[in-house]
Amino acid sequence: MNNMAETIKHIKTPTIKGIFVNSHINFLKKFGGKDALEKLEKKMRKSVKFNTWQDVPLSEEIQIIEYVFDIVYPSYKLSPKDRAFEAGRLHFRNFITTPLGRILFTALPKNFKGTLLKLPMIIKHIFKNLDFSVTGISKNKVKIEVSNLNYPPEHFSGLFHEWMLFWKLYGRIDTKMKSDISCEYLISW
């Protein structure tokens, strides 16, 4: 293999379970009802109905959550990076409203670092073909590496930021792209 493009085509398509995509759609329906759903389907140029355990390509889920963000917050004029960050925040808020999200958060350690260290176990129930590794660096710092990444790197920065706020923590997330499809996040609080 001579270049990244050759490598990328050999990676399996990352997917997310339909239940989590549906959480974005349910959020939109609560916000704006049938009209908002019709706007989303018009933007997507298709129906946005997913079975609970259906594997939905991340590329499609990314479009859906960013369109949901645009429909719910139309006055926000954000750069693509800021939009991806805010969509990641929305992603976390939607995730914790799902039945699996509620179950996981009651079963996980009652501290932020302990929960982050369990992230690979969580991920296998949500995603397919997306690899996470987590390393504890110090008492208040972890390194998360994501491989076969299809999200903009800012998406997970926003998700991790919202997760810290959920724990009433304030900190820093440093993001470093390792390749076109892998990213490292250093999270400290």
# chains A, B, ... in the order shown; residues from 1 in each chain; ligands from 1
>>> select_by_dssp(residues="segment 1-177 of chain A", states="strand (DSSP E)", output="list of chain:residue names")
A:Thr15, A:Ile16, A:Lys17, A:Asp55, A:Val56, A:Pro57, A:Phe127, A:Lys128, A:Asp131, A:Phe132, A:Ser133, A:Val134, A:Thr135, A:Gly136, A:Ile137, A:Ser138, A:Lys141, A:Val142, A:Lys143, A:Ile144, A:Glu145, A:Val146, A:Ser147, A:Arg172, A:Ile173, A:Asp174, A:Thr175, A:Lys176, A:Met177
>>> residues_around(residues="Ser147 of chain A", least_positions_apart="5", cutoff="7 Å", atoms="only C-alpha atoms", output="list in words")
Leu130, Asp131, Phe132, Ile181, Ser182 and Cys183 of chain A
>>> select_by_dssp(residues="segment 39-186 of chain A", states="helix (DSSP H, G or I)", output="VMD selection string")
chain A and resid 39 to 44 58 to 72 80 to 95 99 to 107 112 to 117 119 to 126 153 to 166
>>> residues_around(residues="segment 75-84 of chain A", least_positions_apart="5", cutoff="9 Å", atoms="only C-alpha atoms", output="ChimeraX atom specification")
/A:62,66,69-70,89,151-158
>>> write_last_selection(atoms="N, CA and C atoms", output="PDB file, in the first residue's frame")
ATOM      1  N   ILE A  62     -23.926  11.305  10.671  1.00  0.00           N
ATOM      2  CA  ILE A  62     -23.308  12.631  10.792  1.00  0.00           C
ATOM      3  C   ILE A  62     -24.166  13.672  10.078  1.00  0.00           C
ATOM      4  N   GLU A  66     -26.128  16.767  12.091  1.00  0.00           N
ATOM      5  CA  GLU A  66     -25.798  18.150  11.733  1.00  0.00           C
ATOM      6  C   GLU A  66     -27.005  18.870  11.132  1.00  0.00           C
ATOM      7  N   PHE A  69     -29.238  19.738  14.015  1.00  0.00           N
ATOM      8  CA  PHE A  69     -28.708  20.931  14.675  1.00  0.00           C
ATOM      9  C   PHE A  69     -29.115  22.187  13.893  1.00  0.00           C
ATOM     10  N   ASP A  70     -28.966  22.154  12.580  1.00  0.00           N
ATOM     11  CA  ASP A  70     -29.319  23.316  11.746  1.00  0.00           C
ATOM     12  C   ASP A  70     -30.803  23.660  11.836  1.00  0.00           C
ATOM     13  N   ARG A  89     -21.844  17.729  20.930  1.00  0.00           N
ATOM     14  CA  ARG A  89     -22.479  18.001  22.222  1.00  0.00           C
ATOM     15  C   ARG A  89     -23.920  17.490  22.211  1.00  0.00           C
ATOM     16  N   TYR A 151     -16.242  10.600  11.747  1.00  0.00           N
ATOM     17  CA  TYR A 151     -16.700  11.899  12.238  1.00  0.00           C
ATOM     18  C   TYR A 151     -15.597  12.933  12.047  1.00  0.00           C
ATOM     19  N   PRO A 152     -15.977  14.207  11.875  1.00  0.00           N
ATOM     20  CA  PRO A 152     -14.945  15.241  11.980  1.00  0.00           C
ATOM     21  C   PRO A 152     -14.363  15.169  13.396  1.00  0.00           C
ATOM     22  N   PRO A 153     -13.080  15.428  13.585  1.00  0.00           N
ATOM     23  CA  PRO A 153     -12.501  15.291  14.928  1.00  0.00           C
ATOM     24  C   PRO A 153     -13.187  16.181  15.962  1.00  0.00           C
ATOM     25  N   GLU A 154     -13.732  17.302  15.528  1.00  0.00           N
ATOM     26  CA  GLU A 154     -14.409  18.216  16.446  1.00  0.00           C
ATOM     27  C   GLU A 154     -15.686  17.605  17.030  1.00  0.00           C
ATOM     28  N   HIS A 155     -16.265  16.636  16.327  1.00  0.00           N
ATOM     29  CA  HIS A 155     -17.490  16.000  16.807  1.00  0.00           C
ATOM     30  C   HIS A 155     -17.249  15.346  18.173  1.00  0.00           C
ATOM     31  N   PHE A 156     -16.223  14.505  18.269  1.00  0.00           N
ATOM     32  CA  PHE A 156     -15.946  13.854  19.540  1.00  0.00           C
ATOM     33  C   PHE A 156     -15.411  14.844  20.572  1.00  0.00           C
ATOM     34  N   SER A 157     -14.737  15.900  20.143  1.00  0.00           N
ATOM     35  CA  SER A 157     -14.340  16.945  21.100  1.00  0.00           C
ATOM     36  C   SER A 157     -15.582  17.524  21.769  1.00  0.00           C
ATOM     37  N   GLY A 158     -16.618  17.791  20.966  1.00  0.00           N
ATOM     38  CA  GLY A 158     -17.878  18.303  21.515  1.00  0.00           C
ATOM     39  C   GLY A 158     -18.564  17.292  22.408  1.00  0.00           C
TER      40      GLY A 158
END
>>> residues_around(residues="Leu90 of chain A", least_positions_apart="5", cutoff="9 Å", atoms="only C-alpha atoms", output="list in words")
His24, Ile65, Phe69, Phe85, Phe95, Gly158, Leu159 and Glu162 of chain A
>>> residues_around(residues="segment 40-49 of chain A", least_positions_apart="2", cutoff="7 Å", atoms="only C-alpha atoms", output="ChimeraX atom specification")
/A:36-38,51,67-68
>>> write_last_selection(atoms="N, CA, C and O atoms", output="mmCIF file, in the first residue's frame")
data_model
loop_
_atom_site.group_PDB
_atom_site.id
_atom_site.type_symbol
_atom_site.label_atom_id
_atom_site.label_comp_id
_atom_site.auth_asym_id
_atom_site.auth_seq_id
_atom_site.Cartn_x
_atom_site.Cartn_y
_atom_site.Cartn_z
ATOM 1 N N ALA A 36 -40.717 19.694 11.238
ATOM 2 C CA ALA A 36 -39.270 19.578 11.387
ATOM 3 C C ALA A 36 -38.767 18.266 10.781
ATOM 4 O O ALA A 36 -37.725 18.237 10.110
ATOM 5 N N LEU A 37 -39.519 17.189 10.986
ATOM 6 C CA LEU A 37 -39.145 15.900 10.407
ATOM 7 C C LEU A 37 -39.163 15.974 8.879
ATOM 8 O O LEU A 37 -38.260 15.457 8.214
ATOM 9 N N GLU A 38 -40.163 16.633 8.325
ATOM 10 C CA GLU A 38 -40.228 16.792 6.867
ATOM 11 C C GLU A 38 -39.038 17.600 6.347
ATOM 12 O O GLU A 38 -38.493 17.293 5.279
ATOM 13 N N ASN A 51 -34.564 0.956 11.956
ATOM 14 C CA ASN A 51 -34.843 -0.074 12.954
ATOM 15 C C ASN A 51 -33.854 0.088 14.106
ATOM 16 O O ASN A 51 -32.722 0.540 13.915
ATOM 17 N N TYR A 67 -27.815 18.181 10.350
ATOM 18 C CA TYR A 67 -29.053 18.792 9.843
ATOM 19 C C TYR A 67 -30.031 19.063 10.986
ATOM 20 O O TYR A 67 -30.693 20.097 11.004
ATOM 21 N N VAL A 68 -30.127 18.129 11.933
ATOM 22 C CA VAL A 68 -30.992 18.348 13.099
ATOM 23 C C VAL A 68 -30.532 19.608 13.829
ATOM 24 O O VAL A 68 -31.347 20.464 14.181
#
>>> residues_around(residues="Trp163 of chain A", least_positions_apart="2", cutoff="10 Å", atoms="only C-alpha atoms", output="list in words")
Arg89, Phe92, Arg93, Ile96, Phe112, Leu116, Ser157, Gly158, Leu159, Phe160, His161, Leu165, Phe166, Trp167, Lys168 and Leu169 of chain A
>>> write_last_selection(atoms="N, CA, C and O atoms", output="CSV table (one decimal), in the first residue's frame")
chain,number,residue,atom,x,y,z
A,89,ARG,N,-21.8,17.7,20.9
A,89,ARG,CA,-22.5,18.0,22.2
A,89,ARG,C,-23.9,17.5,22.2
A,89,ARG,O,-24.4,16.9,23.2
A,92,PHE,N,-24.1,13.7,22.5
A,92,PHE,CA,-24.1,13.1,23.9
A,92,PHE,C,-25.4,13.3,24.6
A,92,PHE,O,-25.9,12.4,25.3
A,93,ARG,N,-26.0,14.5,24.5
A,93,ARG,CA,-27.3,14.8,25.2
A,93,ARG,C,-28.4,13.8,24.7
A,93,ARG,O,-29.2,13.4,25.5
A,96,ILE,N,-27.8,10.0,26.1
A,96,ILE,CA,-28.2,9.7,27.4
A,96,ILE,C,-29.7,9.6,27.6
A,96,ILE,O,-30.1,9.2,28.7
A,112,PHE,N,-15.9,10.2,36.4
A,112,PHE,CA,-15.6,10.5,35.0
A,112,PHE,C,-14.5,9.6,34.4
A,112,PHE,O,-14.7,9.0,33.4
A,116,LEU,N,-14.7,6.8,31.5
A,116,LEU,CA,-14.0,6.9,30.3
A,116,LEU,C,-13.1,5.7,30.0
A,116,LEU,O,-13.0,5.2,28.9
A,157,SER,N,-14.7,15.9,20.1
A,157,SER,CA,-14.3,16.9,21.1
A,157,SER,C,-15.6,17.5,21.8
A,157,SER,O,-15.6,17.7,23.0
A,158,GLY,N,-16.6,17.8,21.0
A,158,GLY,CA,-17.9,18.3,21.5
A,158,GLY,C,-18.6,17.3,22.4
A,158,GLY,O,-19.1,17.6,23.5
A,159,LEU,N,-18.6,16.0,22.0
A,159,LEU,CA,-19.2,15.0,22.8
A,159,LEU,C,-18.5,14.8,24.1
A,159,LEU,O,-19.1,14.8,25.2
A,160,PHE,N,-17.1,14.8,24.1
A,160,PHE,CA,-16.4,14.7,25.4
A,160,PHE,C,-16.6,15.9,26.2
A,160,PHE,O,-16.6,15.8,27.5
A,161,HIS,N,-16.6,17.1,25.6
A,161,HIS,CA,-16.9,18.3,26.4
A,161,HIS,C,-18.2,18.3,27.1
A,161,HIS,O,-18.3,18.6,28.3
A,165,LEU,N,-19.2,18.2,31.2
A,165,LEU,CA,-20.2,19.1,31.8
A,165,LEU,C,-21.3,18.2,32.5
A,165,LEU,O,-21.8,18.7,33.6
A,166,PHE,N,-21.6,17.1,32.0
A,166,PHE,CA,-22.5,16.2,32.6
A,166,PHE,C,-22.0,15.8,34.0
A,166,PHE,O,-22.8,15.7,35.0
A,167,TRP,N,-20.7,15.7,34.2
A,167,TRP,CA,-20.1,15.4,35.5
A,167,TRP,C,-19.8,16.6,36.3
A,167,TRP,O,-19.1,16.5,37.3
A,168,LYS,N,-20.2,17.8,35.7
A,168,LYS,CA,-19.9,19.1,36.4
A,168,LYS,C,-18.4,19.3,36.5
A,168,LYS,O,-17.9,19.9,37.5
A,169,LEU,N,-17.7,18.9,35.4
A,169,LEU,CA,-16.2,19.1,35.4
A,169,LEU,C,-15.9,20.1,34.3
A,169,LEU,O,-16.6,20.2,33.3
>>> closest_residue(among="A:Tyr170, A:Phe127, A:Trp189, A:Phe50", to="Ile64 of chain A", atoms="only C-alpha atoms")
A:Phe50
>>> decode(residues="segment 53-77 of chain A", atoms="N, CA and C atoms", output="mmCIF file, in the first residue's frame")
data_model
loop_
_atom_site.group_PDB
_atom_site.id
_atom_site.type_symbol
_atom_site.label_atom_id
_atom_site.label_comp_id
_atom_site.auth_asym_id
_atom_site.auth_seq_id
_atom_site.Cartn_x
_atom_site.Cartn_y
_atom_site.Cartn_z
ATOM 1 N N TRP A 53 -31.886 -1.912 15.830
ATOM 2 C CA TRP A 53 -30.562 -2.537 15.755
ATOM 3 C C TRP A 53 -29.946 -2.468 14.365
ATOM 4 N N GLN A 54 -30.544 -1.676 13.488
ATOM 5 C CA GLN A 54 -30.006 -1.493 12.135
ATOM 6 C C GLN A 54 -28.645 -0.812 12.208
ATOM 7 N N ASP A 55 -27.709 -1.270 11.393
ATOM 8 C CA ASP A 55 -26.395 -0.629 11.306
ATOM 9 C C ASP A 55 -26.489 0.497 10.280
ATOM 10 N N VAL A 56 -26.402 1.734 10.762
ATOM 11 C CA VAL A 56 -26.510 2.926 9.925
ATOM 12 C C VAL A 56 -25.100 3.462 9.691
ATOM 13 N N PRO A 57 -24.699 3.679 8.431
ATOM 14 C CA PRO A 57 -23.360 4.231 8.191
ATOM 15 C C PRO A 57 -23.165 5.553 8.939
ATOM 16 N N LEU A 58 -21.997 5.713 9.564
ATOM 17 C CA LEU A 58 -21.725 6.946 10.304
ATOM 18 C C LEU A 58 -21.839 8.174 9.413
ATOM 19 N N SER A 59 -21.473 8.039 8.151
ATOM 20 C CA SER A 59 -21.568 9.194 7.248
ATOM 21 C C SER A 59 -23.004 9.705 7.185
ATOM 22 N N GLU A 60 -23.969 8.808 7.226
ATOM 23 C CA GLU A 60 -25.388 9.186 7.205
ATOM 24 C C GLU A 60 -25.808 9.776 8.555
ATOM 25 N N GLU A 61 -25.363 9.152 9.637
ATOM 26 C CA GLU A 61 -25.705 9.657 10.965
ATOM 27 C C GLU A 61 -25.132 11.059 11.177
ATOM 28 N N ILE A 62 -23.926 11.305 10.671
ATOM 29 C CA ILE A 62 -23.308 12.631 10.792
ATOM 30 C C ILE A 62 -24.166 13.672 10.078
ATOM 31 N N GLN A 63 -24.604 13.359 8.860
ATOM 32 C CA GLN A 63 -25.471 14.284 8.128
ATOM 33 C C GLN A 63 -26.739 14.564 8.923
ATOM 34 N N ILE A 64 -27.347 13.509 9.453
ATOM 35 C CA ILE A 64 -28.611 13.664 10.186
ATOM 36 C C ILE A 64 -28.418 14.566 11.399
ATOM 37 N N ILE A 65 -27.422 14.305 12.225
ATOM 38 C CA ILE A 65 -27.283 15.104 13.453
ATOM 39 C C ILE A 65 -26.924 16.554 13.123
ATOM 40 N N GLU A 66 -26.128 16.767 12.091
ATOM 41 C CA GLU A 66 -25.798 18.150 11.733
ATOM 42 C C GLU A 66 -27.005 18.870 11.132
ATOM 43 N N TYR A 67 -27.815 18.181 10.350
ATOM 44 C CA TYR A 67 -29.053 18.792 9.843
ATOM 45 C C TYR A 67 -30.031 19.063 10.986
ATOM 46 N N VAL A 68 -30.127 18.129 11.933
ATOM 47 C CA VAL A 68 -30.992 18.348 13.099
ATOM 48 C C VAL A 68 -30.532 19.608 13.829
ATOM 49 N N PHE A 69 -29.238 19.738 14.015
ATOM 50 C CA PHE A 69 -28.708 20.931 14.675
ATOM 51 C C PHE A 69 -29.115 22.187 13.893
ATOM 52 N N ASP A 70 -28.966 22.154 12.580
ATOM 53 C CA ASP A 70 -29.319 23.316 11.746
ATOM 54 C C ASP A 70 -30.803 23.660 11.836
ATOM 55 N N ILE A 71 -31.651 22.644 11.890
ATOM 56 C CA ILE A 71 -33.104 22.873 11.948
ATOM 57 C C ILE A 71 -33.502 23.420 13.320
ATOM 58 N N VAL A 72 -32.939 22.878 14.375
ATOM 59 C CA VAL A 72 -33.298 23.288 15.728
ATOM 60 C C VAL A 72 -32.693 24.660 16.074
ATOM 61 N N TYR A 73 -31.499 24.926 15.583
ATOM 62 C CA TYR A 73 -30.802 26.182 15.888
ATOM 63 C C TYR A 73 -30.484 26.944 14.600
ATOM 64 N N PRO A 74 -31.508 27.387 13.861
ATOM 65 C CA PRO A 74 -31.265 27.999 12.546
ATOM 66 C C PRO A 74 -30.519 29.327 12.600
ATOM 67 N N SER A 75 -30.555 30.018 13.719
ATOM 68 C CA SER A 75 -29.897 31.326 13.777
ATOM 69 C C SER A 75 -28.390 31.211 14.029
ATOM 70 N N TYR A 76 -27.917 30.021 14.405
ATOM 71 C CA TYR A 76 -26.488 29.833 14.624
ATOM 72 C C TYR A 76 -25.797 29.819 13.263
ATOM 73 N N LYS A 77 -24.858 30.688 13.091
ATOM 74 C CA LYS A 77 -24.062 30.710 11.858
ATOM 75 C C LYS A 77 -22.651 30.276 12.245
#
